[in-house]
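One file, structure33.cif, is given below (mmCIF, C-alpha atoms and all ligand atoms).
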data_entry
#
loop_
_atom_site.label_atom_id
_atom_site.label_comp_id
_atom_site.auth_asym_id
_atom_site.auth_seq_id
_atom_site.Cartn_x
_atom_site.Cartn_y
_atom_site.Cartn_z
CA MET A 19 -5.48 23.05 70.03
CA ALA A 20 -6.51 21.85 66.56
CA ASN A 21 -3.74 20.59 64.33
CA GLN A 22 -3.51 23.22 61.57
CA THR A 23 -1.37 21.22 59.16
CA ASN A 24 -3.80 18.38 58.48
CA LYS A 25 -0.86 16.05 59.00
CA PRO A 26 -1.50 13.50 61.73
CA ARG A 27 0.73 13.45 64.80
CA HIS A 28 2.72 10.23 65.02
CA PHE A 29 4.57 8.55 67.89
CA LEU A 30 7.63 6.98 66.31
CA THR A 31 10.02 8.05 69.06
CA LEU A 32 9.67 9.97 72.33
CA LEU A 33 10.87 13.06 70.48
CA ASP A 34 7.54 13.28 68.61
CA LEU A 35 5.89 14.73 71.71
CA ASP A 36 7.37 17.62 73.65
CA PRO A 37 8.17 17.21 77.36
CA GLY A 38 4.95 18.95 78.44
CA GLU A 39 2.87 16.68 76.23
CA LEU A 40 4.67 13.57 77.48
CA ASN A 41 4.13 14.53 81.10
CA SER A 42 0.44 15.17 80.46
CA VAL A 43 0.15 11.71 78.85
CA ILE A 44 1.73 10.16 81.96
CA LYS A 45 -0.62 12.07 84.24
CA ARG A 46 -3.64 11.06 82.19
CA ALA A 47 -2.47 7.43 82.23
CA ILE A 48 -2.35 7.50 86.03
CA ASP A 49 -5.82 9.09 86.14
CA MET A 50 -7.32 6.60 83.69
CA LYS A 51 -5.85 3.72 85.68
CA ALA A 52 -7.42 5.04 88.90
CA LEU A 53 -10.78 5.59 87.21
CA LEU A 54 -10.74 2.07 85.81
CA LYS A 55 -9.88 0.53 89.16
CA THR A 56 -12.58 2.44 91.07
CA GLY A 57 -15.16 1.69 88.42
CA SER A 58 -15.92 5.41 88.06
CA ASP A 59 -14.64 5.60 84.53
CA GLN A 60 -17.67 7.23 82.94
CA ALA A 61 -15.97 10.23 81.34
CA ALA A 62 -13.26 8.03 79.88
CA ASP A 63 -15.68 5.22 79.21
CA ARG A 64 -16.15 5.70 75.48
CA VAL A 65 -13.01 7.66 74.51
CA PHE A 66 -12.43 5.31 71.58
CA ASN A 67 -16.09 5.06 70.61
CA ASN A 68 -16.32 3.54 67.12
CA LYS A 69 -12.57 4.04 66.59
CA VAL A 70 -10.56 1.29 64.96
CA LEU A 71 -6.87 0.63 65.63
CA GLY A 72 -4.94 -1.39 63.04
CA MET A 73 -2.13 -3.40 64.66
CA ILE A 74 0.60 -4.62 62.31
CA PHE A 75 2.91 -7.20 63.84
CA GLU A 76 6.02 -8.38 62.02
CA LYS A 77 7.52 -9.66 65.29
CA SER A 78 6.02 -11.59 68.21
CA SER A 79 4.31 -9.92 71.15
CA THR A 80 2.37 -10.65 74.30
CA ARG A 81 2.15 -7.36 76.25
CA THR A 82 1.94 -4.99 73.32
CA ARG A 83 -0.81 -6.82 71.51
CA VAL A 84 -2.89 -7.45 74.60
CA SER A 85 -2.50 -3.93 76.00
CA PHE A 86 -3.46 -2.16 72.75
CA GLU A 87 -6.33 -4.53 72.04
CA THR A 88 -7.68 -4.33 75.59
CA ALA A 89 -7.35 -0.54 75.62
CA MET A 90 -9.58 -0.27 72.56
CA ALA A 91 -12.09 -2.84 73.82
CA GLN A 92 -12.43 -1.18 77.24
CA HIS A 93 -13.34 2.18 75.73
CA GLY A 94 -15.75 1.44 72.92
CA GLY A 95 -13.27 0.88 70.09
CA HIS A 96 -11.97 -2.07 68.16
CA ALA A 97 -8.50 -3.38 67.31
CA LEU A 98 -7.51 -5.39 64.25
CA PHE A 99 -4.60 -7.79 64.60
CA LEU A 100 -2.71 -7.83 61.29
CA SER A 101 0.14 -10.30 61.17
CA SER A 102 2.50 -9.81 58.26
CA ARG A 103 2.24 -13.56 57.74
CA ASP A 104 -1.42 -13.21 56.80
CA THR A 105 -1.51 -9.84 55.01
CA GLN A 106 -0.18 -8.75 51.63
CA LEU A 107 2.61 -6.90 53.47
CA GLY A 108 4.23 -10.28 54.05
CA ARG A 109 3.99 -11.03 50.33
CA GLY A 110 5.80 -7.87 49.32
CA GLU A 111 3.09 -5.21 48.87
CA PRO A 112 4.99 -1.93 49.25
CA ILE A 113 4.84 -0.33 52.68
CA GLU A 114 3.73 2.96 51.09
CA ASP A 115 0.73 1.30 49.42
CA SER A 116 -0.21 -0.56 52.59
CA SER A 117 -0.12 2.70 54.50
CA ARG A 118 -2.27 4.57 51.97
CA VAL A 119 -4.89 1.81 52.00
CA LEU A 120 -5.04 1.04 55.72
CA SER A 121 -5.07 4.68 56.77
CA ARG A 122 -8.17 5.31 54.66
CA MET A 123 -10.07 2.75 56.72
CA VAL A 124 -8.84 2.80 60.30
CA ASP A 125 -8.35 5.65 62.78
CA MET A 126 -4.88 4.80 64.09
CA ILE A 127 -2.19 2.30 63.20
CA MET A 128 0.30 0.60 65.49
CA ILE A 129 3.31 -1.18 64.00
CA ARG A 130 5.90 -3.58 65.38
CA THR A 131 8.59 -4.20 62.79
CA PHE A 132 12.32 -4.52 62.15
CA GLY A 133 13.94 -1.49 60.46
CA HIS A 134 12.98 1.88 61.89
CA ASP A 135 13.03 3.33 58.35
CA LYS A 136 10.04 1.13 57.56
CA ILE A 137 7.82 2.76 60.16
CA GLU A 138 9.05 6.20 59.07
CA ARG A 139 8.00 5.46 55.49
CA PHE A 140 4.68 4.08 56.66
CA ALA A 141 4.03 7.23 58.69
CA GLU A 142 4.93 9.49 55.79
CA TYR A 143 2.09 8.03 53.71
CA SER A 144 -0.45 7.64 56.51
CA LYS A 145 -3.50 9.86 56.92
CA VAL A 146 -3.88 8.75 60.56
CA PRO A 147 -1.55 8.62 63.59
CA VAL A 148 1.08 5.87 63.51
CA ILE A 149 2.44 4.45 66.76
CA ASN A 150 5.77 2.66 67.09
CA ALA A 151 5.13 -0.59 68.95
CA LEU A 152 8.85 -1.53 68.69
CA THR A 153 11.43 -1.37 65.94
CA ASP A 154 15.03 -2.54 65.96
CA ASP A 155 15.96 0.98 67.11
CA TYR A 156 13.26 2.18 69.52
CA HIS A 157 10.46 1.06 71.84
CA PRO A 158 8.88 4.35 72.98
CA CYS A 159 5.54 2.91 74.24
CA GLN A 160 7.47 0.88 76.81
CA LEU A 161 9.09 4.07 78.09
CA LEU A 162 5.70 5.65 78.75
CA ALA A 163 4.84 2.67 80.94
CA ASP A 164 8.24 2.75 82.65
CA VAL A 165 8.02 6.45 83.47
CA GLN A 166 4.43 6.05 84.65
CA THR A 167 5.56 3.27 86.99
CA PHE A 168 8.41 5.35 88.40
CA VAL A 169 6.10 8.33 88.95
CA GLU A 170 3.53 6.14 90.72
CA GLU A 171 6.18 4.70 93.04
CA ARG A 172 8.55 7.60 93.62
CA GLY A 173 7.11 10.82 92.14
CA SER A 174 8.69 12.80 89.32
CA ILE A 175 11.63 11.19 87.52
CA ALA A 176 13.11 14.62 86.69
CA GLY A 177 16.53 15.04 88.27
CA LYS A 178 16.84 11.34 89.16
CA THR A 179 19.59 8.94 88.13
CA VAL A 180 18.70 5.92 86.00
CA SER A 181 21.07 3.06 85.14
CA TRP A 182 20.83 0.90 82.05
CA VAL A 183 22.77 -2.37 82.35
CA GLY A 184 23.15 -4.63 79.31
CA ASP A 185 22.60 -4.33 75.59
CA GLY A 186 22.57 -0.90 73.92
CA ASN A 187 19.40 -1.94 72.11
CA ASN A 188 16.02 -0.42 71.16
CA MET A 189 15.08 -0.03 74.83
CA CYS A 190 18.40 1.59 75.68
CA ASN A 191 18.02 4.07 72.78
CA SER A 192 14.56 4.93 74.02
CA TYR A 193 15.95 5.45 77.53
CA ILE A 194 18.36 8.01 76.06
CA ASN A 195 15.44 9.88 74.50
CA ALA A 196 13.55 9.60 77.78
CA ALA A 197 16.51 11.06 79.69
CA ARG A 198 16.28 14.12 77.47
CA GLN A 199 12.48 14.47 77.45
CA PHE A 200 11.86 13.66 81.13
CA ASP A 201 15.06 15.34 82.34
CA PHE A 202 17.02 12.63 84.15
CA GLU A 203 20.62 11.40 84.13
CA LEU A 204 21.25 8.05 82.40
CA LYS A 205 24.28 5.92 83.21
CA ILE A 206 24.72 3.05 80.75
CA ALA A 207 26.89 -0.04 81.24
CA CYS A 208 27.32 -2.22 78.17
CA PRO A 209 30.16 -4.30 76.74
CA GLU A 210 32.24 -2.81 73.97
CA GLY A 211 30.58 -3.48 70.61
CA PHE A 212 27.06 -3.29 72.09
CA ASP A 213 26.71 0.48 72.50
CA PRO A 214 23.47 2.33 71.83
CA LYS A 215 23.22 4.61 68.77
CA ALA A 216 26.33 6.81 68.73
CA ASP A 217 24.51 9.90 67.42
CA LEU A 218 22.03 9.71 70.28
CA VAL A 219 24.77 9.38 72.87
CA THR A 220 26.64 12.35 71.41
CA ALA A 221 23.54 14.53 71.17
CA ASN A 222 22.74 13.85 74.82
CA SER A 223 26.23 13.78 76.29
CA ASP A 224 25.19 16.32 78.94
CA ARG A 225 23.04 13.64 80.61
CA VAL A 226 24.10 10.27 79.18
CA SER A 227 27.33 8.40 79.93
CA ILE A 228 28.65 4.96 78.99
CA SER A 229 30.94 2.77 81.02
CA ARG A 230 31.99 -0.88 80.73
CA ASP A 231 31.49 -1.50 84.44
CA PRO A 232 27.94 -2.13 85.73
CA LYS A 233 29.12 -1.39 89.29
CA ILE A 234 30.00 2.17 88.26
CA ALA A 235 26.77 2.60 86.32
CA VAL A 236 24.47 1.65 89.21
CA GLN A 237 26.19 3.72 91.88
CA GLY A 238 23.73 6.24 93.35
CA SER A 239 20.98 5.10 91.01
CA ASP A 240 17.24 5.53 91.61
CA LEU A 241 16.22 3.05 88.94
CA VAL A 242 18.11 0.10 87.45
CA VAL A 243 16.85 -1.26 84.14
CA THR A 244 17.86 -4.14 81.92
CA ASP A 245 16.51 -6.14 78.98
CA THR A 246 17.23 -9.37 77.16
CA TRP A 247 20.72 -9.78 75.75
CA ALA A 248 19.35 -11.13 72.46
CA SER A 249 16.48 -9.14 70.99
CA MET A 250 13.99 -10.40 68.44
CA GLY A 251 15.86 -10.99 65.21
CA GLN A 252 19.12 -11.82 67.05
CA GLU A 253 18.25 -15.40 67.96
CA ASP A 254 21.31 -16.75 66.10
CA GLU A 255 23.62 -14.60 68.23
CA LYS A 256 22.20 -15.82 71.55
CA THR A 257 25.15 -17.96 72.61
CA ALA A 258 27.82 -15.46 71.56
CA ARG A 259 25.91 -12.71 73.34
CA GLU A 260 25.68 -14.71 76.57
CA THR A 261 29.47 -14.81 76.57
CA ALA A 262 29.85 -11.12 75.73
CA PHE A 263 27.39 -10.08 78.44
CA SER A 264 28.61 -12.31 81.27
CA GLY A 265 29.29 -9.96 84.17
CA TYR A 266 26.34 -7.74 83.18
CA GLN A 267 23.66 -9.57 85.15
CA VAL A 268 21.49 -7.42 87.40
CA ASN A 269 21.35 -9.29 90.73
CA GLY A 270 21.15 -8.49 94.41
CA GLU A 271 24.88 -7.83 94.71
CA LEU A 272 24.81 -5.26 91.89
CA MET A 273 21.57 -3.71 93.10
CA SER A 274 23.04 -3.20 96.59
CA ARG A 275 25.28 -0.50 95.04
CA ALA A 276 22.29 1.58 93.94
CA HIS A 277 20.26 3.77 96.31
CA ASN A 278 18.46 1.87 99.08
CA ASP A 279 15.08 2.62 97.56
CA ALA A 280 16.13 2.04 93.93
CA LEU A 281 13.59 0.28 91.74
CA PHE A 282 14.27 -2.49 89.22
CA MET A 283 12.52 -2.57 85.84
CA HIS A 284 12.58 -4.88 82.83
CA CYS A 285 10.27 -4.53 79.81
CA LEU A 286 9.87 -8.34 79.66
CA PRO A 287 10.08 -11.05 78.45
CA ALA A 288 12.89 -11.75 80.94
CA TYR A 289 15.39 -14.56 81.09
CA ARG A 290 16.06 -15.41 84.73
CA GLY A 291 19.69 -16.35 85.29
CA LEU A 292 20.91 -14.33 82.29
CA GLU A 293 20.33 -10.55 82.24
CA CYS A 294 18.79 -10.65 85.72
CA SER A 295 18.72 -13.13 88.58
CA ALA A 296 15.43 -14.77 89.56
CA GLU A 297 15.72 -13.12 93.00
CA MET A 298 16.01 -9.70 91.37
CA LEU A 299 13.04 -10.12 89.05
CA ASP A 300 10.79 -11.59 91.73
CA GLY A 301 12.19 -9.60 94.66
CA PRO A 302 10.96 -6.51 96.54
CA ASP A 303 12.79 -3.91 94.41
CA SER A 304 11.20 -5.21 91.22
CA VAL A 305 8.18 -3.39 89.79
CA VAL A 306 8.07 -5.36 86.54
CA TRP A 307 4.45 -6.55 86.81
CA GLN A 308 3.17 -3.05 87.50
CA GLU A 309 5.37 -1.86 84.63
CA ALA A 310 3.79 -4.43 82.31
CA GLU A 311 0.26 -3.50 83.40
CA ASN A 312 0.99 0.17 82.80
CA ARG A 313 1.40 -0.52 79.08
CA LEU A 314 -2.40 -0.65 79.05
CA HIS A 315 -2.95 2.67 80.79
CA ALA A 316 -0.09 4.59 79.16
CA GLN A 317 -1.14 3.57 75.65
CA LYS A 318 -4.74 4.56 76.34
CA ALA A 319 -3.55 8.03 77.27
CA LEU A 320 -1.25 8.15 74.25
CA MET A 321 -3.99 7.14 71.81
CA GLU A 322 -6.43 9.62 73.33
CA PHE A 323 -3.80 12.34 72.92
CA LEU A 324 -3.09 11.46 69.27
CA LEU A 325 -6.77 11.26 68.36
CA ASN A 326 -7.39 14.70 69.88
CA GLN A 327 -4.77 16.48 67.79
N1 LIG B 1 7.64 -5.44 76.55
C1 LIG B 1 7.03 -5.82 75.40
O1 LIG B 1 6.93 -5.03 74.44
O2 LIG B 1 6.53 -7.07 75.43
P1 LIG B 1 5.93 -7.90 74.20
O3 LIG B 1 7.06 -8.22 73.27
O4 LIG B 1 5.31 -9.10 74.83
O5 LIG B 1 4.90 -7.04 73.49
N1 LIG B 2 14.82 -5.55 73.14
C1 LIG B 2 13.73 -6.50 73.07
C2 LIG B 2 12.49 -5.92 73.65
C3 LIG B 2 11.30 -6.85 73.67
C4 LIG B 2 10.06 -6.19 74.19
C5 LIG B 2 13.51 -6.93 71.63
O1 LIG B 2 13.58 -6.06 70.73
O2 LIG B 2 13.27 -8.10 71.37
#

Translate the structure of the given file into structure tokens.
Amino acid sequence: MANQTNKPRHFLTLLDLDPGELNSVIKRAIDMKALLKTGSDQAADRVFNNKVLGMIFEKSSTRTRVSFETAMAQHGGHALFLSSRDTQLGRGEPIEDSSRVLSRMVDMIMIRTFGHDKIERFAEYSKVPVINALTDDYHPCQLLADVQTFVEERGSIAGKTVSWVGDGNNMCNSYINAARQFDFELKIACPEGFDPKADLVTANSDRVSISRDPKIAVQGSDLVVTDTWASMGQEDEKTARETAFSGYQVNGELMSRAHNDALFMHCLPAYRGLECSAEMLDGPDSVVWQEAENRLHAQKALMEFLLNQ
């Protein structure tokens, strides 16, 4: 259906798409992946023909940059890597002005930045879809890949139990949104002082719970997820955080309390011996490499969806 408002659709959090739309993006991601792998990708071949994606990075990235850039290249489009170090954004040009200018030239913009308010302001002034490629508060693109991976391995995630062990960070907040949009129960274990956003927890208290004991959180779980204890921007807190999070490592002993067929995910980069053991990350329950690859397919489906609005 054509977008009647002339306002572009953005993807700043998982709440920007309704559950039906999110599930169709996941399905399309799985289809596009299969088409790519069988080499019979003709219909999808040029979905980004002559389209340009601007990619603003104010933080480091491996997976996000490569997946977005490859997605555009594989389907006839082009991606521009714009580091804040080398653009006027880094020298203080207002975010509103940058948005007005860039969105008159490119077809979509992806941003990785610090404050979530910054991407909201950027989106407000943009004439084209804006995609959140990670802020301090959310990482919704990663959740598309995570849900795709679960669906590929186990079928629908609706009605399942997911456990988050570790920091109540941007990934954890996005898992709370995912619990609501994809209809699963989320059991979080984090140390006191490292909770996810309180308003999100309250708004989703019918399906989200917090405990201080990882053993409780993983009981009966279908998917156990963790992330680094010190996110980008928290490098100075690394040592203090390692102390606060000791006892929150996902390892074989903890995983044995989840369901027998429970999966382990991590958005990466991972720190073996801290938030997860090496055996966990590299072991049979881990689907982290598939999860990383699915960034490519999920973001293709997302961008196709946004461009078609
Ligand atoms: N998971 C993730 O977003 O990885 P990068 O920081 O490498 O992009
Ligand atoms: N929570 C991590 C995720 C990295 C992909 C960070 O924000 O650094």

Using all atoms listed in the file, can you tell me which of A:Cys190, A:Cys159, A:Val242, A:Ile206 comes closest to ligand LIG 1 (chain B)?
A:Cys159

What's around Ile44 of chain A at 12 Å? Count all atoms listed in the file, leave out sequence neighbours fewer than 4 positions away in its own chain, and write the answer as an mmCIF file with C-alpha atoms, in the frame of the given file.
data_model
loop_
_atom_site.group_PDB
_atom_site.id
_atom_site.type_symbol
_atom_site.label_atom_id
_atom_site.label_comp_id
_atom_site.auth_asym_id
_atom_site.auth_seq_id
_atom_site.Cartn_x
_atom_site.Cartn_y
_atom_site.Cartn_z
ATOM 1 C CA LEU A 35 5.890 14.730 71.710
ATOM 2 C CA PRO A 37 8.170 17.210 77.360
ATOM 3 C CA GLY A 38 4.950 18.950 78.440
ATOM 4 C CA GLU A 39 2.870 16.680 76.230
ATOM 5 C CA LEU A 40 4.670 13.570 77.480
ATOM 6 C CA ILE A 48 -2.350 7.500 86.030
ATOM 7 C CA ASP A 49 -5.820 9.090 86.140
ATOM 8 C CA MET A 50 -7.320 6.600 83.690
ATOM 9 C CA LYS A 51 -5.850 3.720 85.680
ATOM 10 C CA CYS A 159 5.540 2.910 74.240
ATOM 11 C CA LEU A 161 9.090 4.070 78.090
ATOM 12 C CA LEU A 162 5.700 5.650 78.750
ATOM 13 C CA ALA A 163 4.840 2.670 80.940
ATOM 14 C CA ASP A 164 8.240 2.750 82.650
ATOM 15 C CA VAL A 165 8.020 6.450 83.470
ATOM 16 C CA GLN A 166 4.430 6.050 84.650
ATOM 17 C CA THR A 167 5.560 3.270 86.990
ATOM 18 C CA PHE A 168 8.410 5.350 88.400
ATOM 19 C CA VAL A 169 6.100 8.330 88.950
ATOM 20 C CA GLU A 170 3.530 6.140 90.720
ATOM 21 C CA GLY A 173 7.110 10.820 92.140
ATOM 22 C CA SER A 174 8.690 12.800 89.320
ATOM 23 C CA ILE A 175 11.630 11.190 87.520
ATOM 24 C CA PHE A 200 11.860 13.660 81.130
ATOM 25 C CA ASN A 312 0.990 0.170 82.800
ATOM 26 C CA ARG A 313 1.400 -0.520 79.080
ATOM 27 C CA LEU A 314 -2.400 -0.650 79.050
ATOM 28 C CA HIS A 315 -2.950 2.670 80.790
ATOM 29 C CA ALA A 316 -0.090 4.590 79.160
ATOM 30 C CA GLN A 317 -1.140 3.570 75.650
ATOM 31 C CA LYS A 318 -4.740 4.560 76.340
ATOM 32 C CA ALA A 319 -3.550 8.030 77.270
ATOM 33 C CA LEU A 320 -1.250 8.150 74.250
ATOM 34 C CA GLU A 322 -6.430 9.620 73.330
ATOM 35 C CA PHE A 323 -3.800 12.340 72.920
#

Exercise on segment 38-45 of chain A, axis-aligned box with 6 Å per side, report centre and edge lengths in Å to one decimal, as lines of an AutoDock Vina configuration file:
center_x = 2.2
center_y = 14.6
center_z = 80.2
size_x = 17.6
size_y = 20.8
size_z = 20.0

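The gap separating atom CA of Arg172 of chain A from atom CA of Asn222 of chain A is 24.4 Å, in Å to one decimal.
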
Do you know which residues are at most 9 Å from Leu324 of chain A counting only C-alpha atoms, after dropping those on the same chain fewer than 6 positions away, and could you put them as a tab-separated table (two decimals) with C-alpha atoms, in the coordinates of the input?
chain	number	residue	atom	x	y	z
A	26	PRO	CA	-1.50	13.50	61.73
A	27	ARG	CA	0.73	13.45	64.80
A	28	HIS	CA	2.72	10.23	65.02
A	29	PHE	CA	4.57	8.55	67.89
A	126	MET	CA	-4.88	4.80	64.09
A	147	PRO	CA	-1.55	8.62	63.59

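Distance-wise, atom O4 of ligand LIG 1 (chain B) and atom CA of Met128 of chain A end up 14.4 Å apart.
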
Cut-off 9 Å: closest chain A/ligand LIG 1 (chain B) atom pairs per residue, using all atoms listed in the file, as a Markdown table:
| residue | atom | partner | partner_atom | distance |
| --- | --- | --- | --- | --- |
| A:Lys77 | CA | B:LIG1 | O3 | 8.1 |
| A:Ser78 | CA | B:LIG1 | O3 | 6.2 |
| A:Ser79 | CA | B:LIG1 | O5 | 3.8 |
| A:Thr80 | CA | B:LIG1 | O4 | 3.4 |
| A:Arg81 | CA | B:LIG1 | O4 | 3.9 |
| A:Thr82 | CA | B:LIG1 | O5 | 3.6 |
| A:Arg83 | CA | B:LIG1 | O5 | 6.0 |
| A:Val84 | CA | B:LIG1 | O5 | 7.9 |
| A:Ser85 | CA | B:LIG1 | O5 | 8.4 |
| A:Arg130 | CA | B:LIG1 | O5 | 8.9 |
| A:Ala151 | CA | B:LIG1 | O1 | 7.3 |
| A:Leu152 | CA | B:LIG1 | O1 | 7.0 |
| A:His157 | CA | B:LIG1 | O1 | 7.5 |
| A:Cys159 | CA | B:LIG1 | O1 | 8.1 |
| A:Gln160 | CA | B:LIG1 | N1 | 6.3 |
| A:Met250 | CA | B:LIG1 | O3 | 8.7 |
| A:His284 | CA | B:LIG1 | N1 | 8.0 |
| A:Cys285 | CA | B:LIG1 | N1 | 4.3 |
| A:Leu286 | CA | B:LIG1 | N1 | 4.8 |
| A:Pro287 | CA | B:LIG1 | O2 | 6.1 |
| A:Ala310 | CA | B:LIG1 | N1 | 7.0 |
| A:Arg313 | CA | B:LIG1 | N1 | 8.3 |

All heavy atoms modelled onto segment 295-303 of chain A, as a PDB file, in the frame of the given file:
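Once everything was written out, this is out-v9.pdb:
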ATOM      1  N   SER A 295      18.896 -11.915  87.778  1.00  0.00           N
ATOM      2  CA  SER A 295      18.720 -13.130  88.580  1.00  0.00           C
ATOM      3  C   SER A 295      17.230 -13.289  88.866  1.00  0.00           C
ATOM      4  O   SER A 295      16.459 -12.315  88.823  1.00  0.00           O
ATOM      5  CB  SER A 295      19.496 -13.018  89.893  1.00  0.00           C
ATOM      6  OG  SER A 295      18.972 -11.956  90.657  1.00  0.00           O
ATOM      7  N   ALA A 296      16.833 -14.511  89.195  1.00  0.00           N
ATOM      8  CA  ALA A 296      15.430 -14.770  89.560  1.00  0.00           C
ATOM      9  C   ALA A 296      15.063 -13.957  90.791  1.00  0.00           C
ATOM     10  O   ALA A 296      13.971 -13.383  90.863  1.00  0.00           O
ATOM     11  CB  ALA A 296      15.244 -16.259  89.820  1.00  0.00           C
ATOM     12  N   GLU A 297      15.998 -13.862  91.765  1.00  0.00           N
ATOM     13  CA  GLU A 297      15.720 -13.120  93.000  1.00  0.00           C
ATOM     14  C   GLU A 297      15.444 -11.650  92.708  1.00  0.00           C
ATOM     15  O   GLU A 297      14.626 -11.007  93.339  1.00  0.00           O
ATOM     16  CB  GLU A 297      16.891 -13.216  93.986  1.00  0.00           C
ATOM     17  CG  GLU A 297      17.118 -14.582  94.578  1.00  0.00           C
ATOM     18  CD  GLU A 297      17.773 -15.568  93.608  1.00  0.00           C
ATOM     19  OE1 GLU A 297      18.311 -15.140  92.554  1.00  0.00           O
ATOM     20  OE2 GLU A 297      17.730 -16.755  93.898  1.00  0.00           O
ATOM     21  N   MET A 298      16.169 -11.122  91.729  1.00  0.00           N
ATOM     22  CA  MET A 298      16.010  -9.700  91.370  1.00  0.00           C
ATOM     23  C   MET A 298      14.630  -9.473  90.769  1.00  0.00           C
ATOM     24  O   MET A 298      13.890  -8.578  91.180  1.00  0.00           O
ATOM     25  CB  MET A 298      17.098  -9.351  90.340  1.00  0.00           C
ATOM     26  CG  MET A 298      17.243  -7.889  90.044  1.00  0.00           C
ATOM     27  SD  MET A 298      17.958  -7.037  91.450  1.00  0.00           S
ATOM     28  CE  MET A 298      16.585  -6.045  91.948  1.00  0.00           C
ATOM     29  N   LEU A 299      14.294 -10.304  89.789  1.00  0.00           N
ATOM     30  CA  LEU A 299      13.040 -10.120  89.050  1.00  0.00           C
ATOM     31  C   LEU A 299      11.837 -10.297  89.982  1.00  0.00           C
ATOM     32  O   LEU A 299      10.840  -9.570  89.869  1.00  0.00           O
ATOM     33  CB  LEU A 299      12.952 -11.120  87.897  1.00  0.00           C
ATOM     34  CG  LEU A 299      11.870 -10.806  86.874  1.00  0.00           C
ATOM     35  CD1 LEU A 299      12.312  -9.687  85.941  1.00  0.00           C
ATOM     36  CD2 LEU A 299      11.515 -12.038  86.054  1.00  0.00           C
ATOM     37  N   ASP A 300      11.932 -11.271  90.872  1.00  0.00           N
ATOM     38  CA  ASP A 300      10.790 -11.590  91.730  1.00  0.00           C
ATOM     39  C   ASP A 300      10.899 -10.961  93.120  1.00  0.00           C
ATOM     40  O   ASP A 300      10.057 -11.201  93.979  1.00  0.00           O
ATOM     41  CB  ASP A 300      10.656 -13.126  91.850  1.00  0.00           C
ATOM     42  CG  ASP A 300      10.475 -13.778  90.481  1.00  0.00           C
ATOM     43  OD1 ASP A 300       9.626 -13.296  89.712  1.00  0.00           O
ATOM     44  OD2 ASP A 300      11.208 -14.743  90.163  1.00  0.00           O
ATOM     45  N   GLY A 301      11.930 -10.165  93.328  1.00  0.00           N
ATOM     46  CA  GLY A 301      12.190  -9.600  94.660  1.00  0.00           C
ATOM     47  C   GLY A 301      11.497  -8.278  94.902  1.00  0.00           C
ATOM     48  O   GLY A 301      10.783  -7.752  94.045  1.00  0.00           O
ATOM     49  N   PRO A 302      11.710  -7.710  96.112  1.00  0.00           N
ATOM     50  CA  PRO A 302      10.960  -6.510  96.540  1.00  0.00           C
ATOM     51  C   PRO A 302      11.284  -5.227  95.771  1.00  0.00           C
ATOM     52  O   PRO A 302      10.470  -4.310  95.756  1.00  0.00           O
ATOM     53  CB  PRO A 302      11.344  -6.360  98.018  1.00  0.00           C
ATOM     54  CG  PRO A 302      12.609  -7.139  98.171  1.00  0.00           C
ATOM     55  CD  PRO A 302      12.590  -8.236  97.167  1.00  0.00           C
ATOM     56  N   ASP A 303      12.455  -5.141  95.159  1.00  0.00           N
ATOM     57  CA  ASP A 303      12.790  -3.910  94.410  1.00  0.00           C
ATOM     58  C   ASP A 303      12.178  -3.908  93.012  1.00  0.00           C
ATOM     59  O   ASP A 303      12.174  -2.893  92.320  1.00  0.00           O
ATOM     60  CB  ASP A 303      14.313  -3.769  94.253  1.00  0.00           C
ATOM     61  CG  ASP A 303      15.002  -3.637  95.595  1.00  0.00           C
ATOM     62  OD1 ASP A 303      14.354  -3.131  96.538  1.00  0.00           O
ATOM     63  OD2 ASP A 303      16.181  -4.047  95.707  1.00  0.00           O
TER      64      ASP A 303
END
